[in-house]
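Below is start-v8.txt, which holds compact mmCIF, C-alpha atoms.
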# COMPACT_ATOMS: atom_id res chain seq x y z
CA ASN A 1 108.77 93.41 75.89
CA ASP A 2 106.19 95.81 77.36
CA PHE A 3 104.34 92.92 78.99
CA PHE A 4 107.47 91.60 80.68
CA ALA A 5 108.59 95.07 81.75
CA ASN A 6 105.27 95.64 83.53
CA TYR A 7 105.14 92.09 84.89
CA GLU A 8 108.64 92.36 86.34
CA ARG A 9 107.86 95.82 87.75
CA VAL A 10 104.85 94.39 89.60
CA LEU A 11 106.92 91.50 90.95
CA ALA A 12 109.62 93.94 92.11
CA HIS A 13 106.89 95.79 94.02
CA VAL A 14 105.78 92.48 95.56
CA LEU A 15 109.35 91.81 96.70
CA ALA A 16 109.66 95.33 98.12
CA THR A 17 106.36 95.34 99.99
CA ARG A 18 106.37 91.67 101.07
CA PRO A 19 102.65 90.83 101.09
CA ASP A 20 101.34 87.69 102.78
CA ALA A 21 100.92 86.01 99.36
CA LEU A 22 100.86 86.65 95.63
CA VAL A 23 97.74 85.39 93.85
CA HIS A 24 97.45 85.43 90.06
CA GLY A 25 93.81 85.04 89.05
CA GLY A 26 94.16 83.39 85.66
CA ASP A 27 95.05 83.91 82.04
CA PHE A 28 98.71 83.84 82.90
CA PHE A 29 99.50 83.65 79.19
CA HIS A 30 97.52 84.79 76.14
CA THR A 31 97.24 81.28 74.75
CA ASN A 32 97.72 77.67 75.82
CA ARG A 33 100.67 77.28 73.43
CA VAL A 34 103.48 79.45 74.72
CA ALA A 35 107.07 79.31 73.51
CA ALA A 36 109.42 77.82 76.09
CA PRO A 37 111.58 80.97 76.51
CA PHE A 38 108.51 82.99 77.55
CA VAL A 39 107.41 80.33 80.02
CA GLU A 40 110.90 80.19 81.53
CA ARG A 41 111.13 83.97 81.85
CA ALA A 42 107.71 84.22 83.48
CA PHE A 43 108.29 81.42 85.96
CA THR A 44 111.83 82.53 86.78
CA ALA A 45 110.44 85.85 87.98
CA LEU A 46 107.75 84.09 90.04
CA ARG A 47 110.30 81.72 91.52
CA ALA A 48 112.24 84.72 92.88
CA VAL A 49 109.10 85.77 94.75
CA ALA A 50 108.58 82.25 96.13
CA GLU A 51 112.23 81.96 97.16
CA ALA A 52 111.83 85.23 99.08
CA GLY A 53 109.32 83.39 101.26
CA ILE A 54 106.16 84.83 99.69
CA PRO A 55 103.66 82.11 98.77
CA VAL A 56 102.65 82.21 95.09
CA VAL A 57 99.28 80.90 93.91
CA VAL A 58 98.47 80.78 90.19
CA THR A 59 95.00 79.81 89.03
CA PRO A 60 94.84 78.76 85.38
CA GLY A 61 92.41 80.78 83.27
CA ASN A 62 90.52 79.93 80.13
CA HIS A 63 93.57 80.72 77.98
CA GLU A 64 95.48 78.01 79.77
CA ARG A 65 92.54 75.61 79.44
CA SER A 66 92.87 74.72 83.12
CA ARG A 67 96.57 73.82 82.69
CA LEU A 68 99.64 75.98 82.89
CA PRO A 69 102.65 75.29 80.67
CA MET A 70 105.37 73.75 82.81
CA SER A 71 108.80 75.14 83.43
CA GLY A 72 111.94 74.04 85.22
CA ASN A 73 111.31 77.07 87.41
CA ALA A 74 107.79 76.04 88.40
CA THR A 75 107.97 74.00 91.58
CA GLY A 76 105.66 73.25 94.44
CA SER A 77 102.22 71.75 94.50
CA THR A 78 99.90 71.82 91.51
CA ARG A 79 96.43 71.60 93.00
CA ARG A 80 93.40 71.66 90.75
Would you mind writing the structure in this file as structure tokens?
Amino acid sequence: NDFFANYERVLAHVLATRPDALVHGGDFFHTNRVAAPFVERAFTALRAVAEAGIPVVVTPGNHERSRLPMSGNATGSTRR
């Protein structure tokens, strides 16, 4: 709960300040096997940023083993 509270607080700041882009530099999750409800919650929050017109770039880290878990809320290109 603490993680999501801080994560959502940061994304609220992004929405309030409207930067040119949001870049997440890796290790989006703590492991490569993440329960679906956590993936959905994380990507739902990011989708709100993208829908506000702020480009979102997520680079997989070593915890994701170069792949992010997919979500119905993750759309757009998936460049590697």
Exercise: segment 12-28 of chain A partners within 8 Å, only C-alpha atoms, chain neighbours under 4 positions left out, as a PyMOL selection string: chain A and resi 8+49+52+54-64+68
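Between atom CA of Asp2 of chain A and atom CA of Arg47 of chain A the separation is 20.4 Å.
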Any idea what the distance is between atom CA of Leu11 of chain A and atom CA of Glu51 of chain A? 12.6 Å
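Residue nearest Asn6 of chain A, chosen from A:Ala48, A:Thr31, A:Ala42, A:Ala36 and counting only C-alpha atoms: A:Ala42.
What separates atom CA of Phe43 of chain A from atom CA of Asn1 of chain A is a distance of 15.7 Å.
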Around all the atoms of segment 31-46 of chain A listed in the file, draw an axis-aligned box and extend it by 8 Å on each of the six sides; I want its centre and edge lengths in Å to one decimal, as JSON.
{"center_x": 104.5, "center_y": 81.6, "center_z": 81.7, "size_x": 30.6, "size_y": 24.6, "size_z": 32.6}
